[in-house]
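Enquirer: Below you will find the structure I want to go over with you.
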Amino acid sequence: MRIPALRALAAQCIALLPTALAAAALDAAGAGLTLFTAALLQGLFAMLIGWRLRLAIWWRPMLLLFPLALLSAAALGLPSWLYLLIFAALLLVYWSTFRTQVPYYPSGPAVWQAVAALLPQGRAARVIDIGSGLGGMVLHLARARPDCDCLGIELAPLPWLLSWLRAKLGGSRARFLRGDYQGLDFSQFDLVFAYLSPAAMDSLMRKCRSEMKSGSLLISYEFSHSACEPVKTILTTEGRPPLYIWAF
C-alpha cells in the first residue's frame with residue numbers, strides 16, 4: 001500500500017460502501033438518485049478516503065472525477081476493444097509508472113548542453129541517463145563527446161525501442177538498455193543524470209551514496225533532495241527548473 005496508485009484504487013473500492021448506504025437512504029426518503037448523482041457521491045467519498053490515506057493533494061480531483069469519467073465513457077457507447085487499445089498504448093509508454101512514480105519527463109537541448117559541459121575534459125568518461133525516455137540527452141552527449149561512453153536506461157518498452165532505433169538508424173555510438181536503473185552498479189559511471197520525480201529522490205540518493213565512486217557526479221534536473229545539499233545549481237534557461245549537482 002505504499003504505492004499511491006494502489007491506495008487510490010483502495011479509496012475507490014472502500015467508497016463503494018458509503019455510496020451504497022447513501023443511495024439506499026436517499027431511495028428510502030423518496031429522493032430520486034440518478035447515475036450522475038451516484039457517480040458524484042462515489043467520487044466525493046473516494047476523495048475523502050484518499051485524504052485519510054494520505055495521498056498527495058493532486059490525487060483528490062482525480063479521485064473525485066474518476067467515477068464521472070467512467071460514466072461519461074460508458075455514455076459514449078464506444079466499442080470495448082478501443083479501451084483495450086488505449087490501455088495497451090498507455091502501458092507501452094508509461095509501463096510501471098504506478099509503481100515507480102516516475103512519469104515521462106522530457107528535458108530539452110538547453111539541459112543537454114549544460115550536462116555536456118559538465119563532463120570531464122581531456123579524458124573519456126562513462127555517463128548514463130537513468131529514465132532516458134526517447135533518448136535525446138544520450139544521443140546529444142554521444143555527438144558532443146564521441147570519446148565518452150554514453151548510455152541510457154529506460155523501463156518503458158516503447159520509449160526504449162524508439163531511442164534504440166534512433167541510435168541504430170542514425171549511426172550513433174549511444175547505447176540504450178531496457179530495464180530498471182536500480183539493477184545497475186553506479187560505480188561504473190563518472191556521471192549519472194536523472195530527471196525522475198520527488199518520490200524517487202530518496203532511493204536514488206541512497207544508491208548514489210553507497211555506489212558512486214570518488215570524483216563522480218550526480219545531476220538531477222528540477223528535483224533536489226531536502227537532506228542533501230547540492231554542491232552546485234545551474235539555471236539552464238530563464239524561467240525553467242535548475243540542474244542540481246552533487247559530487248561524490
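Scheme for the C-alpha cells: letters A, B, ... for chains in order shown; per-chain residue numbers from 1; ligand numbers from 1 in order shown.
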Can you list, as a list in words, every protein, DNA or RNA residue that comes within 9 Å of segment 58-63 of chain A when you count only C-alpha atoms, leaving out same-chain residues fewer than 3 positions away?
Expert: Pro4, Ala8, Leu9, Ala11, Gln12, Gln42, Gly43, Leu44, Phe45, Ala46, Met47, Leu48, Gly50, Trp51, Leu55, Phe66 and Pro67 of chain A
Enquirer: I'd like the contact shell of segment 189-193 of chain A - 6 Å cut-off, only C-alpha atoms, skipping same-chain residues fewer than 2 positions apart - returned as a PyMOL selection string.
Expert: chain A and resi 125-129+186-187+216-220
Enquirer: Which neighbours of segment 158-162 of chain A fall inside 8 Å, counting only C-alpha atoms, when residues of the same chain fewer than 4 positions from it are skipped, and could you give them as an MDAnalysis selection string?
Expert: chainID A and resid 92:93 132:135 153:154 166 176:178
Enquirer: Can I get the selected residues back with C-alpha atoms, as a compact mmCIF listing (two decimals), in the first residue's frame?
Expert:
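What ended up in result.txt:
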```txt
# COMPACT_ATOMS: atom_id res chain seq x y z
CA LEU A 92 3.81 0.67 -23.56
CA VAL A 93 4.62 4.33 -22.88
CA SER A 132 16.26 8.12 -20.77
CA GLY A 133 12.85 8.35 -22.45
CA LEU A 134 13.19 8.93 -26.20
CA GLY A 135 16.96 9.22 -25.91
CA ILE A 153 18.35 3.09 -19.46
CA GLU A 154 14.55 3.11 -19.78
CA ARG A 166 17.12 6.37 -33.31
CA PHE A 176 20.25 2.12 -24.75
CA LEU A 177 19.32 -0.53 -22.20
CA ARG A 178 15.83 -1.56 -21.19
```
Enquirer: Determine, counting only C-alpha atoms, which protein, DNA and RNA residues have an atom within 9 Å of an atom of Pro109 of chain A; residues of the same chain fewer than 4 positions away are not included. Present the result as a short mmCIF file (atom, residue, chain, number, x, y, z; two decimals) with N, CA and C atoms, in the first residue's frame.
Expert:
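Written file, selection.cif:
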```
data_model
loop_
_atom_site.label_atom_id
_atom_site.label_comp_id
_atom_site.auth_asym_id
_atom_site.auth_seq_id
_atom_site.Cartn_x
_atom_site.Cartn_y
_atom_site.Cartn_z
N GLN A 113 22.98 20.48 -23.31
CA GLN A 113 24.22 21.22 -23.49
C GLN A 113 24.91 21.51 -22.15
N ALA A 114 24.10 21.82 -21.13
CA ALA A 114 24.68 22.08 -19.81
C ALA A 114 25.31 20.83 -19.23
N GLY A 136 16.95 11.63 -26.28
CA GLY A 136 17.53 12.89 -26.74
C GLY A 136 18.81 13.27 -26.03
N MET A 137 18.83 13.16 -24.72
CA MET A 137 20.03 13.51 -23.94
C MET A 137 21.22 12.65 -24.34
N HIS A 140 22.56 13.32 -27.84
CA HIS A 140 23.29 14.59 -27.88
C HIS A 140 24.69 14.44 -27.29
#
```
Enquirer: To one decimal place in Å, what is the distance between atom CA of Val111 of chain A and atom CA of Pro241 of chain A?
Expert: 9.8 Å
Enquirer: One decimal, in Å: what's the spacing between atom CA of Ser107 of chain A and atom CA of Tyr181 of chain A?
Expert: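 One can read the atom CA of Ser107 of chain A to atom CA of Tyr181 of chain A distance as 18.3 Å.
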Enquirer: If DSSP is run on the backbone, what residues of segment 2-244 of chain A are strand (DSSP E)? A reply as a PyMOL selection string would be ideal.
Expert: chain A and resi 126-130+149-154+175-178+191-194+217-221+232-235+242-244
Enquirer: Those residues with C-alpha atoms, as a short mmCIF file (atom, residue, chain, number, x, y, z; two decimals), in the first residue's frame please?
Expert:
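Saved file again.cif follows:
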```cif
data_model
loop_
_atom_site.label_atom_id
_atom_site.label_comp_id
_atom_site.auth_asym_id
_atom_site.auth_seq_id
_atom_site.Cartn_x
_atom_site.Cartn_y
_atom_site.Cartn_z
CA ARG A 126 31.11 6.93 -18.81
CA VAL A 127 27.78 8.70 -18.47
CA ILE A 128 24.26 7.35 -18.05
CA ASP A 129 20.82 8.89 -18.25
CA ILE A 130 18.51 6.94 -15.94
CA ASP A 149 30.65 6.05 -23.43
CA CYS A 150 27.07 7.33 -23.35
CA LEU A 151 24.26 5.09 -22.13
CA GLY A 152 20.58 5.43 -21.41
CA ILE A 153 18.35 3.09 -19.46
CA GLU A 154 14.55 3.11 -19.78
CA ARG A 175 23.65 2.76 -26.29
CA PHE A 176 20.25 2.12 -24.75
CA LEU A 177 19.32 -0.53 -22.20
CA ARG A 178 15.83 -1.56 -21.19
CA LEU A 191 28.27 10.97 -14.33
CA VAL A 192 24.68 9.96 -13.64
CA PHE A 193 21.89 12.16 -15.00
CA ALA A 194 18.34 11.88 -13.64
CA LEU A 217 28.76 13.46 -10.34
CA LEU A 218 25.04 13.07 -9.92
CA ILE A 219 22.98 15.61 -11.86
CA SER A 220 19.24 15.92 -11.29
CA TYR A 221 17.05 18.19 -13.37
CA LYS A 232 26.16 23.47 -7.37
CA THR A 233 22.95 24.65 -9.01
CA ILE A 234 22.75 25.70 -12.65
CA LEU A 235 19.88 27.56 -14.30
CA PRO A 242 17.55 24.25 -12.43
CA LEU A 243 20.08 21.45 -12.58
CA TYR A 244 21.19 20.19 -9.16
#
```
Enquirer: Mind pulling up the distance from atom CA of Asp180 of chain A to atom CA of Arg123 of chain A?
Expert: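 Interatomic distance here is 28.3 Å.
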Enquirer: Check segment 6-179 of chain A with DSSP on the backbone and list each residue it calls helix (DSSP H, G or I), as a PyMOL selection string.
Expert: chain A and resi 6-28+35-52+59-76+80-94+97-100+109-118+136-144+157-170
